[in-house]
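Data block for work_10.pdb (PDB, C-alpha atoms and all ligand atoms):
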```pdb
ATOM      1  CA  MET A 280     -26.711   1.988  24.453
ATOM      2  CA  ARG A 281     -25.560  -1.163  22.623
ATOM      3  CA  VAL A 282     -22.923  -0.409  19.987
ATOM      4  CA  LEU A 283     -21.457  -2.742  17.365
ATOM      5  CA  LEU A 284     -18.012  -1.715  16.106
ATOM      6  CA  VAL A 285     -16.677  -3.241  12.895
ATOM      7  CA  GLY A 286     -12.956  -2.742  12.295
ATOM      8  CA  GLY A 287     -12.182  -3.017  16.012
ATOM      9  CA  SER A 288      -8.559  -4.056  15.376
ATOM     10  CA  GLY A 289      -7.658  -0.972  13.278
ATOM     11  CA  GLN A 290      -6.163   2.230  14.663
ATOM     12  CA  LEU A 291      -9.520   4.025  14.864
ATOM     13  CA  GLY A 292     -11.218   0.879  16.192
ATOM     14  CA  ARG A 293      -8.698   0.594  18.993
ATOM     15  CA  GLU A 294      -9.034   4.265  19.922
ATOM     16  CA  LEU A 295     -12.823   3.855  20.037
ATOM     17  CA  GLN A 296     -12.397   1.027  22.526
ATOM     18  CA  HIS A 297      -9.796   3.019  24.468
ATOM     19  CA  CYS A 298     -12.159   5.970  25.133
ATOM     20  CA  LYS A 299     -15.485   4.131  25.299
ATOM     21  CA  PRO A 300     -17.908   5.980  27.581
ATOM     22  CA  ALA A 301     -18.960   3.932  30.617
ATOM     23  CA  ASP A 302     -22.629   3.920  29.655
ATOM     24  CA  MET A 303     -22.032   2.279  26.253
ATOM     25  CA  GLU A 304     -22.048  -1.504  25.810
ATOM     26  CA  LEU A 305     -19.593  -2.263  23.032
ATOM     27  CA  LEU A 306     -19.034  -5.330  20.864
ATOM     28  CA  ALA A 307     -15.866  -4.748  18.806
ATOM     29  CA  LEU A 308     -15.089  -7.128  15.929
ATOM     30  CA  GLY A 309     -12.018  -7.494  13.718
ATOM     31  CA  SER A 310     -12.149  -8.921  10.195
ATOM     32  CA  GLN A 311     -11.518 -12.431  11.594
ATOM     33  CA  GLU A 312     -14.749 -12.224  13.545
ATOM     34  CA  LEU A 313     -16.834 -10.425  10.941
ATOM     35  CA  ASP A 314     -15.969 -10.043   7.281
ATOM     36  CA  LEU A 315     -17.965  -7.160   5.839
ATOM     37  CA  ARG A 316     -17.977  -8.783   2.412
ATOM     38  CA  GLU A 317     -20.175 -11.624   3.706
ATOM     39  CA  ALA A 318     -23.648 -10.077   3.546
ATOM     40  CA  ARG A 319     -25.459 -12.981   5.196
ATOM     41  CA  LEU A 320     -22.974 -13.246   8.071
ATOM     42  CA  VAL A 321     -23.153  -9.483   8.608
ATOM     43  CA  ALA A 322     -26.955  -9.626   8.757
ATOM     44  CA  ALA A 323     -26.876 -12.568  11.176
ATOM     45  CA  ARG A 324     -24.352 -10.897  13.513
ATOM     46  CA  VAL A 325     -26.298  -7.635  13.550
ATOM     47  CA  ASP A 326     -29.561  -9.449  14.138
ATOM     48  CA  ALA A 327     -28.091 -11.473  17.018
ATOM     49  CA  PHE A 328     -26.531  -8.501  18.842
ATOM     50  CA  HIS A 329     -29.373  -6.117  17.923
ATOM     51  CA  PRO A 330     -27.320  -2.926  18.409
ATOM     52  CA  GLN A 331     -28.788   0.563  18.638
ATOM     53  CA  VAL A 332     -25.687   1.971  16.923
ATOM     54  CA  ILE A 333     -23.248   0.478  14.411
ATOM     55  CA  ILE A 334     -19.875   2.080  13.697
ATOM     56  CA  ASN A 335     -18.036   1.032  10.558
ATOM     57  CA  ALA A 336     -14.334   1.719  11.172
ATOM     58  CA  ALA A 337     -13.343  -1.165   8.866
ATOM     59  CA  ALA A 338     -11.837  -0.503   5.475
ATOM     60  CA  TYR A 339      -9.402  -1.620   2.842
ATOM     61  CA  THR A 340      -6.892   1.174   3.580
ATOM     62  CA  ALA A 341      -3.876   0.310   1.389
ATOM     63  CA  VAL A 342      -4.125   3.409  -0.825
ATOM     64  CA  ASP A 343      -1.339   2.481  -3.276
ATOM     65  CA  ARG A 344      -2.055  -1.265  -3.416
ATOM     66  CA  ALA A 345      -5.694  -0.463  -4.230
ATOM     67  CA  GLU A 346      -4.552   0.773  -7.666
ATOM     68  CA  ARG A 347      -3.862  -2.863  -8.638
ATOM     69  CA  GLU A 348      -6.476  -4.473  -6.366
ATOM     70  CA  GLN A 349      -9.542  -2.534  -7.417
ATOM     71  CA  GLU A 350     -11.955  -5.416  -6.854
ATOM     72  CA  ALA A 351     -10.683  -6.066  -3.323
ATOM     73  CA  ALA A 352     -10.947  -2.372  -2.386
ATOM     74  CA  PHE A 353     -14.509  -2.043  -3.706
ATOM     75  CA  ALA A 354     -15.601  -5.321  -2.083
ATOM     76  CA  VAL A 355     -14.789  -4.007   1.415
ATOM     77  CA  ASN A 356     -15.186  -0.238   1.052
ATOM     78  CA  GLY A 357     -18.144  -0.276  -1.329
ATOM     79  CA  GLN A 358     -20.253  -3.430  -1.008
ATOM     80  CA  GLY A 359     -19.096  -4.071   2.585
ATOM     81  CA  ALA A 360     -20.389  -0.659   3.667
ATOM     82  CA  ALA A 361     -23.684  -1.353   1.874
ATOM     83  CA  ASN A 362     -24.032  -4.743   3.579
ATOM     84  CA  LEU A 363     -23.634  -3.129   6.974
ATOM     85  CA  ALA A 364     -26.058  -0.273   6.259
ATOM     86  CA  GLN A 365     -28.707  -2.738   5.061
ATOM     87  CA  SER A 366     -28.303  -4.779   8.242
ATOM     88  CA  ALA A 367     -28.474  -1.615  10.360
ATOM     89  CA  ARG A 368     -31.729  -0.724   8.671
ATOM     90  CA  SER A 369     -33.222  -4.134   9.395
ATOM     91  CA  VAL A 370     -32.761  -3.599  13.155
ATOM     92  CA  GLY A 371     -33.337   0.177  13.134
ATOM     93  CA  ALA A 372     -29.786   0.974  14.319
ATOM     94  CA  TYR A 373     -28.106   4.317  13.690
ATOM     95  CA  CYS A 374     -25.114   3.613  11.416
ATOM     96  CA  ILE A 375     -21.863   5.595  11.206
ATOM     97  CA  GLN A 376     -19.806   5.042   8.061
ATOM     98  CA  VAL A 377     -16.270   6.457   8.321
ATOM     99  CA  SER A 378     -14.918   7.889   5.065
ATOM    100  CA  THR A 379     -12.048   9.958   3.741
ATOM    101  CA  ASP A 380     -10.820  13.292   2.362
ATOM    102  CA  PHE A 381      -9.535  11.251  -0.618
ATOM    103  CA  VAL A 382     -13.038  11.442  -2.153
ATOM    104  CA  PHE A 383     -11.975  14.957  -3.250
ATOM    105  CA  ASP A 384      -9.567  15.813  -6.062
ATOM    106  CA  GLY A 385      -7.804  18.617  -4.174
ATOM    107  CA  ALA A 386      -8.315  21.227  -6.906
ATOM    108  CA  GLN A 387     -10.043  23.607  -4.486
ATOM    109  CA  SER A 388      -8.202  26.194  -2.398
ATOM    110  CA  ARG A 389     -10.765  26.581   0.408
ATOM    111  CA  PRO A 390     -11.776  23.832   2.859
ATOM    112  CA  TYR A 391     -14.159  21.240   1.403
ATOM    113  CA  LEU A 392     -17.766  21.356   2.599
ATOM    114  CA  PRO A 393     -19.657  18.070   3.013
ATOM    115  CA  MET A 394     -21.781  18.869  -0.050
ATOM    116  CA  ASP A 395     -18.879  19.848  -2.335
ATOM    117  CA  GLN A 396     -18.484  17.771  -5.478
ATOM    118  CA  ALA A 397     -16.504  14.566  -4.874
ATOM    119  CA  ASN A 398     -14.050  13.524  -7.568
ATOM    120  CA  PRO A 399     -11.597  10.889  -6.310
ATOM    121  CA  LEU A 400      -8.189  10.676  -7.965
ATOM    122  CA  GLY A 401      -7.554   7.011  -7.152
ATOM    123  CA  VAL A 402      -9.170   3.627  -6.583
ATOM    124  CA  TYR A 403      -9.162   3.879  -2.773
ATOM    125  CA  GLY A 404     -11.014   7.218  -2.838
ATOM    126  CA  ALA A 405     -13.435   5.907  -5.471
ATOM    127  CA  SER A 406     -14.168   2.786  -3.417
ATOM    128  CA  LYS A 407     -14.796   4.873  -0.270
ATOM    129  CA  LEU A 408     -17.093   7.196  -2.241
ATOM    130  CA  ALA A 409     -18.993   4.134  -3.496
ATOM    131  CA  GLY A 410     -19.374   3.023   0.144
ATOM    132  CA  GLU A 411     -20.754   6.447   1.128
ATOM    133  CA  GLN A 412     -23.271   6.425  -1.696
ATOM    134  CA  LEU A 413     -24.364   2.801  -1.257
ATOM    135  CA  ALA A 414     -24.766   3.148   2.517
ATOM    136  CA  LEU A 415     -26.759   6.385   2.217
ATOM    137  CA  ALA A 416     -28.943   4.904  -0.539
ATOM    138  CA  ALA A 417     -29.593   1.734   1.476
ATOM    139  CA  TYR A 418     -30.624   3.578   4.637
ATOM    140  CA  PRO A 419     -30.957   7.365   4.139
ATOM    141  CA  GLU A 420     -32.886   7.880   7.377
ATOM    142  CA  GLY A 421     -30.271   6.131   9.542
ATOM    143  CA  VAL A 422     -26.771   6.594   8.049
ATOM    144  CA  ALA A 423     -24.162   9.225   8.877
ATOM    145  CA  VAL A 424     -21.020   9.429   6.734
ATOM    146  CA  VAL A 425     -18.069  10.939   8.625
ATOM    147  CA  ARG A 426     -15.141  11.953   6.442
ATOM    148  CA  THR A 427     -11.806  12.328   8.144
ATOM    149  CA  ALA A 428      -8.156  12.671   7.072
ATOM    150  CA  TRP A 429      -4.514  11.826   7.768
ATOM    151  CA  LEU A 430      -5.234   9.557  10.764
ATOM    152  CA  TYR A 431      -2.512   8.515  13.168
ATOM    153  CA  SER A 432      -2.501   6.868  16.564
ATOM    154  CA  ALA A 433      -0.241   5.266  19.141
ATOM    155  CA  PHE A 434      -1.728   1.962  17.927
ATOM    156  CA  GLY A 435      -0.638   0.596  14.552
ATOM    157  CA  ASN A 436       1.581   1.869  11.763
ATOM    158  CA  ASN A 437       1.038   5.348  10.419
ATOM    159  CA  PHE A 438       2.913   8.456   9.294
ATOM    160  CA  VAL A 439       3.952   9.405  12.848
ATOM    161  CA  THR A 440       5.365   6.009  13.795
ATOM    162  CA  THR A 441       7.071   5.715  10.381
ATOM    163  CA  MET A 442       8.668   9.167  10.752
ATOM    164  CA  LEU A 443       9.923   8.356  14.269
ATOM    165  CA  ARG A 444      11.570   5.204  12.931
ATOM    166  CA  LEU A 445      13.129   6.931   9.899
ATOM    167  CA  MET A 446      14.346   9.869  11.995
ATOM    168  CA  ALA A 447      16.128   7.444  14.317
ATOM    169  CA  GLU A 448      17.639   5.405  11.437
ATOM    170  CA  ARG A 449      18.602   7.957   8.766
ATOM    171  CA  GLU A 450      20.919  10.936   8.465
ATOM    172  CA  THR A 451      18.410  13.009   6.486
ATOM    173  CA  ILE A 452      14.913  12.608   5.027
ATOM    174  CA  GLY A 453      12.826  14.287   2.312
ATOM    175  CA  VAL A 454       9.103  14.815   2.890
ATOM    176  CA  VAL A 455       6.424  16.009   0.463
ATOM    177  CA  ALA A 456       5.650  19.694   1.002
ATOM    178  CA  ASP A 457       3.029  20.312  -1.705
ATOM    179  CA  GLN A 458       0.184  18.211  -0.292
ATOM    180  CA  VAL A 459      -1.821  20.034   2.348
ATOM    181  CA  GLY A 460      -4.392  18.590   4.740
ATOM    182  CA  THR A 461      -4.971  18.122   8.463
ATOM    183  CA  PRO A 462      -3.200  15.524  10.600
ATOM    184  CA  THR A 463      -5.816  13.937  12.853
ATOM    185  CA  TRP A 464      -5.287  11.900  16.012
ATOM    186  CA  ALA A 465      -7.601   8.891  15.799
ATOM    187  CA  HIS A 466      -8.355   9.475  19.484
ATOM    188  CA  SER A 467      -9.930  12.894  18.693
ATOM    189  CA  LEU A 468     -12.045  11.306  15.993
ATOM    190  CA  ALA A 469     -13.072   8.496  18.344
ATOM    191  CA  GLU A 470     -14.327  11.031  20.901
ATOM    192  CA  ALA A 471     -16.305  12.812  18.179
ATOM    193  CA  LEU A 472     -17.833   9.502  17.046
ATOM    194  CA  TRP A 473     -18.956   8.683  20.592
ATOM    195  CA  GLN A 474     -20.655  12.073  20.686
ATOM    196  CA  MET A 475     -22.286  11.264  17.333
ATOM    197  CA  CYS A 476     -23.743   8.102  18.878
ATOM    198  CA  ARG A 477     -25.643  10.364  21.276
ATOM    199  CA  VAL A 478     -26.640  13.180  18.892
ATOM    200  CA  GLN A 479     -27.276  10.875  15.886
ATOM    201  CA  PRO A 480     -27.109  13.385  13.018
ATOM    202  CA  LYS A 481     -27.725  11.821   9.578
ATOM    203  CA  GLY A 482     -26.120  12.623   6.208
ATOM    204  CA  ILE A 483     -22.536  13.672   5.443
ATOM    205  CA  TRP A 484     -20.216  15.208   8.077
ATOM    206  CA  HIS A 485     -16.558  16.202   8.267
ATOM    207  CA  TRP A 486     -14.239  15.726  11.242
ATOM    208  CA  THR A 487     -10.506  16.286  11.595
ATOM    209  CA  ASP A 488      -8.338  18.017  14.157
ATOM    210  CA  ALA A 489      -8.061  21.806  13.732
ATOM    211  CA  GLY A 490      -5.511  23.618  11.559
ATOM    212  CA  VAL A 491      -3.686  22.721   8.339
ATOM    213  CA  ALA A 492      -0.261  21.352   7.434
ATOM    214  CA  SER A 493       1.738  19.812   4.632
ATOM    215  CA  TRP A 494       3.319  16.384   5.195
ATOM    216  CA  TYR A 495       6.610  18.291   5.507
ATOM    217  CA  ASP A 496       5.200  20.577   8.246
ATOM    218  CA  PHE A 497       3.836  17.488   9.984
ATOM    219  CA  ALA A 498       7.249  15.775   9.840
ATOM    220  CA  VAL A 499       9.030  18.860  11.218
ATOM    221  CA  ALA A 500       6.527  18.966  14.103
ATOM    222  CA  ILE A 501       6.991  15.240  14.781
ATOM    223  CA  GLN A 502      10.744  15.751  15.049
ATOM    224  CA  GLU A 503      10.432  18.807  17.321
ATOM    225  CA  GLU A 504       7.862  17.174  19.587
ATOM    226  CA  GLY A 505       9.711  13.834  19.498
ATOM    227  CA  LEU A 506      12.930  15.551  20.639
ATOM    228  CA  GLY A 507      10.986  17.505  23.257
ATOM    229  CA  CYS A 508       9.518  14.438  24.923
ATOM    230  CA  GLY A 509      12.627  12.266  24.580
ATOM    231  CA  LEU A 510      11.366   9.875  21.898
ATOM    232  CA  LEU A 511      14.153  11.070  19.562
ATOM    233  CA  GLU A 512      17.749  11.576  20.613
ATOM    234  CA  ARG A 513      19.182  13.691  17.791
ATOM    235  CA  GLU A 514      17.989  16.131  15.149
ATOM    236  CA  ILE A 515      18.364  15.359  11.438
ATOM    237  CA  PRO A 516      17.791  17.661   8.456
ATOM    238  CA  ILE A 517      14.321  17.328   6.882
ATOM    239  CA  ARG A 518      14.120  18.450   3.250
ATOM    240  CA  PRO A 519      10.862  19.686   1.687
ATOM    241  CA  ILE A 520      10.338  17.811  -1.595
ATOM    242  CA  SER A 521       7.580  17.935  -4.201
ATOM    243  CA  THR A 522       5.117  15.209  -5.144
ATOM    244  CA  VAL A 523       6.886  14.670  -8.468
ATOM    245  CA  ASP A 524      10.047  13.746  -6.554
ATOM    246  CA  TYR A 525       8.149  11.104  -4.563
ATOM    247  CA  PRO A 526       6.007   9.242  -7.117
ATOM    248  CA  THR A 527       3.410   6.801  -5.754
ATOM    249  CA  PRO A 528       1.044   4.450  -7.622
ATOM    250  CA  ALA A 529      -2.013   6.377  -6.354
ATOM    251  CA  LYS A 530      -2.451  10.096  -7.017
ATOM    252  CA  ARG A 531      -3.286  12.067  -3.883
ATOM    253  CA  PRO A 532      -5.165  15.380  -3.571
ATOM    254  CA  ALA A 533      -2.846  18.397  -3.308
ATOM    255  CA  TYR A 534      -5.312  20.091  -0.959
ATOM    256  CA  SER A 535      -7.772  18.161   1.193
ATOM    257  CA  VAL A 536      -8.601  20.376   4.149
ATOM    258  CA  LEU A 537     -12.164  19.634   5.292
ATOM    259  CA  ASP A 538     -14.635  22.255   6.531
ATOM    260  CA  LYS A 539     -15.855  21.057   9.924
ATOM    261  CA  THR A 540     -17.999  24.047  10.941
ATOM    262  CA  GLU A 541     -21.327  22.206  10.702
ATOM    263  CA  THR A 542     -20.047  19.189  12.631
ATOM    264  CA  TRP A 543     -18.655  21.310  15.440
ATOM    265  CA  ALA A 544     -22.052  22.999  15.800
ATOM    266  CA  ALA A 545     -24.052  19.759  15.620
ATOM    267  CA  LEU A 546     -21.863  17.921  18.149
ATOM    268  CA  GLU A 547     -21.192  20.988  20.293
ATOM    269  CA  MET A 548     -17.509  20.119  20.373
ATOM    270  CA  THR A 549     -14.368  21.514  18.751
ATOM    271  CA  PRO A 550     -11.144  19.592  18.246
ATOM    272  CA  SER A 551      -7.683  20.582  19.438
ATOM    273  CA  HIS A 552      -5.172  22.014  17.004
ATOM    274  CA  TRP A 553      -3.406  19.085  15.318
ATOM    275  CA  ARG A 554      -0.079  19.955  16.939
ATOM    276  CA  GLN A 555      -1.524  19.784  20.461
ATOM    277  CA  ALA A 556      -3.099  16.436  19.586
ATOM    278  CA  LEU A 557       0.252  15.212  18.234
ATOM    279  CA  ARG A 558       1.957  16.127  21.502
ATOM    280  CA  ARG A 559      -0.596  14.133  23.497
ATOM    281  CA  MET A 560      -0.314  11.140  21.179
ATOM    282  CA  LEU A 561       3.502  11.104  21.439
ATOM    283  CA  LEU A 562       3.331  11.119  25.238
ATOM    284  CA  GLU A 563       0.898   8.213  25.143
ATOM    285  CA  TYR A 564       3.103   6.394  22.626
ATOM    286  CA  LYS A 565       6.130   6.892  24.866
ATOM    287  CA  GLU A 566       4.244   5.560  27.905
ATOM    288  CA  ASN A 567       2.994   2.499  25.990
ATOM    289  CA  ARG A 568       6.472   1.815  24.654
ATOM    290  CA  GLY A 569       7.963   1.976  28.126
ATOM    291  CA  ALA A 570       5.299  -0.347  29.529
TER     292      ALA A 570
HETATM  293  N1  LIG B 601      -5.630   6.006   7.991
HETATM  294  C1  LIG B 601      -5.932   7.189   7.461
HETATM  295  O1  LIG B 601      -5.061   8.044   7.271
HETATM  296  C2  LIG B 601      -7.350   7.521   7.092
HETATM  297  C3  LIG B 601      -7.621   8.764   6.513
HETATM  298  C4  LIG B 601      -8.937   9.079   6.188
HETATM  299  C5  LIG B 601      -9.942   8.170   6.434
HETATM  300  N2  LIG B 601      -9.655   6.952   6.971
HETATM  301  C6  LIG B 601     -10.749   6.017   7.215
HETATM  302  O2  LIG B 601     -10.852   5.844   8.604
HETATM  303  C7  LIG B 601     -11.315   4.515   8.890
HETATM  304  C8  LIG B 601     -10.390   3.843   9.882
HETATM  305  O3  LIG B 601      -9.105   3.733   9.291
HETATM  306  P1  LIG B 601      -7.859   3.102  10.086
HETATM  307  O4  LIG B 601      -6.685   3.928   9.759
HETATM  308  O5  LIG B 601      -8.244   2.848  11.501
HETATM  309  O6  LIG B 601      -7.725   1.701   9.322
HETATM  310  P2  LIG B 601      -6.795   0.443   9.660
HETATM  311  O7  LIG B 601      -5.938   0.720  10.841
HETATM  312  O8  LIG B 601      -6.177   0.022   8.388
HETATM  313  O9  LIG B 601      -7.862  -0.649  10.103
HETATM  314  C9  LIG B 601      -8.741  -1.211   9.171
HETATM  315  C10 LIG B 601      -9.684  -2.141   9.878
HETATM  316  O10 LIG B 601     -10.558  -2.712   8.900
HETATM  317  C11 LIG B 601     -10.639  -4.102   9.123
HETATM  318  N3  LIG B 601     -11.005  -4.783   7.888
HETATM  319  C12 LIG B 601     -10.306  -4.856   6.728
HETATM  320  N4  LIG B 601     -10.982  -5.622   5.841
HETATM  321  C13 LIG B 601     -12.137  -6.022   6.450
HETATM  322  C14 LIG B 601     -13.243  -6.829   6.068
HETATM  323  N5  LIG B 601     -13.317  -7.399   4.865
HETATM  324  N6  LIG B 601     -14.232  -7.023   6.960
HETATM  325  C15 LIG B 601     -14.185  -6.487   8.205
HETATM  326  N7  LIG B 601     -13.158  -5.724   8.628
HETATM  327  C16 LIG B 601     -12.153  -5.499   7.754
HETATM  328  C17 LIG B 601      -9.258  -4.475   9.639
HETATM  329  O11 LIG B 601      -9.346  -5.728  10.289
HETATM  330  P3  LIG B 601      -8.032  -6.683  10.436
HETATM  331  O12 LIG B 601      -7.047  -5.897  11.207
HETATM  332  O13 LIG B 601      -8.558  -7.861  11.175
HETATM  333  O14 LIG B 601      -7.587  -6.964   9.039
HETATM  334  C18 LIG B 601      -9.015  -3.312  10.596
HETATM  335  O15 LIG B 601      -9.702  -3.545  11.810
HETATM  336  C19 LIG B 601     -11.455   3.827   7.534
HETATM  337  O16 LIG B 601     -12.783   3.984   7.083
HETATM  338  C20 LIG B 601     -10.549   4.642   6.630
HETATM  339  O17 LIG B 601     -10.953   4.559   5.277
HETATM  340  C21 LIG B 601      -8.388   6.602   7.313
END
```

Is it possible to give me this structure as structure tokens?
Amino acid sequence: MRVLLVGGSGQLGRELQHCKPADMELLALGSQELDLREARLVAARVDAFHPQVIINAAAYTAVDRAEREQEAAFAVNGQGAANLAQSARSVGAYCIQVSTDFVFDGAQSRPYLPMDQANPLGVYGASKLAGEQLALAAYPEGVAVVRTAWLYSAFGNNFVTTMLRLMAERETIGVVADQVGTPTWAHSLAEALWQMCRVQPKGIWHWTDAGVASWYDFAVAIQEEGLGCGLLEREIPIRPISTVDYPTPAKRPAYSVLDKTETWAALEMTPSHWRQALRRMLLEYKENRGA
């Protein structure tokens, strides 16, 4: 199966390359090689490679900066996703569009189903929702939207690598305890996406690791696991703080746990609990760092 991956240099893109099944032929492109905003270039690249599957792991992901760069966020996350879906349609390729829990407002207190009403609180979430809608409208018979959340990986900068740095540098840290979601190892998502390439379900799907946590719970686990595997040398106090004590330009959902039941059934796979995934990621991170 020939697969075109856009966003190959991002943390999800790198994990997809890392766990590529042997029977898949993969062309992975970063933004230097293919800019999603350039509709004609996207069409030409897709036509030349003629993939059977296209995975869009590319995005404008600067959640706070998006509040003042609305046009830039929509150009990549909205129109860019539409450009790719249109090109996928022209060659009959199955097209996976990765999206986010930030399409929801977090007012619910049970996990969000794929068909629950989206209501983004910020520009990033709105631009990703636009991408979902434009891609599905352009190619309803060939697009799958996969919403995920709280991604981290041994590759790139993310909450886990930031926490490890701060825990080594500071005497104490405060972490938001009133936002709840599911930390998700990009590697777990990558494995699920490879399975999607085979099963090819269409429409909207949810995938994260299993379980729930606040950012504070996640930070406490990072410290415990980091001490356990020798990435951290000393323990520091971690204070639970509230969102109002840590103001950010973009509002974030207070609750963004996704219901994955349908995806687990369709793909015939279930993810690990997020804490087990974290442990595996930290071991990999330690090995890479030592190399
Ligand atoms: N990170 C999270 O916590 C999170 C949570 C939920 C959902 N998601 C979604 O998951 C997906 C993967 O996220 P990630 O964390 O792997 O992102 P990331 O590490 O920020 O990587 C983003 C990728 O997009 C590429 N890109 C940016 N602008 C582009 C353009 N105009 N044309 C083509 N490529 C472009 C980047 O290329 P360069 O490196 O060359 O600039 C990079 O490869 C995204 O759809 C994101 O919205 C992420």

Exercise answer, 8 Å around ligand LIG 601 (chain B) with only C-alpha atoms and all ligand atoms, as an NGL selection string: :A and (285-293 or 308-316 or 335-341 or 354-356 or 359 or 376-381 or 407 or 426-431 or 435-437 or 465)

Selection result for the PyMOL selection byres (((chain A and resi 481-496) around 6) and not hetatm) on this file, as an NGL selection string: :A and (393 or 422-427 or 454-456 or 458-461 or 463 or 480 or 497-499 or 519 or 539 or 550-553)

Selection result for the PyMOL selection byres (((chain A and resi 331) around 9) and not hetatm) on this file, as a ChimeraX atom specification: /A:280-283,329-330,332-333,367,370-374

Export C-alpha atoms of the chosen residues as a compact mmCIF listing (two decimals), keeping the file's coordinate frame?
```txt
# COMPACT_ATOMS: atom_id res chain seq x y z
CA MET A 280 -26.71 1.99 24.45
CA ARG A 281 -25.56 -1.16 22.62
CA VAL A 282 -22.92 -0.41 19.99
CA LEU A 283 -21.46 -2.74 17.36
CA HIS A 329 -29.37 -6.12 17.92
CA PRO A 330 -27.32 -2.93 18.41
CA VAL A 332 -25.69 1.97 16.92
CA ILE A 333 -23.25 0.48 14.41
CA ALA A 367 -28.47 -1.62 10.36
CA VAL A 370 -32.76 -3.60 13.16
CA GLY A 371 -33.34 0.18 13.13
CA ALA A 372 -29.79 0.97 14.32
CA TYR A 373 -28.11 4.32 13.69
CA CYS A 374 -25.11 3.61 11.42
```

Shell of 7 Å around Arg558 of chain A, only C-alpha atoms, local chain residues under 4 positions omitted, as JSON, numbers by chain: {"A": [504, 554, 562]}

For Glu294 of chain A, the nearest of the candidates A:Ala433, A:Ala447, A:Leu320, A:Val439, counting all atoms listed in the file: A:Ala433

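When the PyMOL selection byres (((chain A and resi 410) around 7) and not hetatm) is run on the displayed coordinates, the residues it returns are Asn356, Gly357, Gln358, Ala360, Ala361, Ser406, Lys407, Leu408, Ala409, Glu411, Gln412, Leu413 and Ala414 of chain A.
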
Distance of atom CA of Asn398 of chain A from atom CA of Thr522 of chain A, expressed in Å to one decimal place: 19.4 Å

For Leu510 of chain A: contacts at 8 Å, only C-alpha atoms, fewer than 4 positions along chain excluded, given as a list in words: Leu443, Gly505, Leu506, Leu561 and Lys565 of chain A

Could you dump the residues just selected with C-alpha atoms as a PDB file, keeping the file's coordinate frame?
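The result, stored in part.pdb:
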```
ATOM      1  CA  LEU A 443       9.923   8.356  14.269  1.00  0.00           C
ATOM      2  CA  GLY A 505       9.711  13.834  19.498  1.00  0.00           C
ATOM      3  CA  LEU A 506      12.930  15.551  20.639  1.00  0.00           C
ATOM      4  CA  LEU A 561       3.502  11.104  21.439  1.00  0.00           C
ATOM      5  CA  LYS A 565       6.130   6.892  24.866  1.00  0.00           C
TER       6      LYS A 565
END
```

Straight-line distance linking atom CA of Asn567 of chain A with atom CA of Ser432 of chain A, stated in Å to one decimal: 11.8 Å

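Atom CA of Leu284 of chain A to atom CA of Leu392 of chain A spans 26.7 Å [interatomic distance, one decimal].
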
Show me, as AutoDock Vina command-line options, the centre and edge lengths in Å to one decimal of the axis-aligned box that covers every listed atom of segment 358-368 of chain A with 3 Å on each side.
```
--center_x -25.4 --center_y -2.5 --center_z 4.7 --size_x 18.6 --size_y 10.5 --size_z 17.4
```
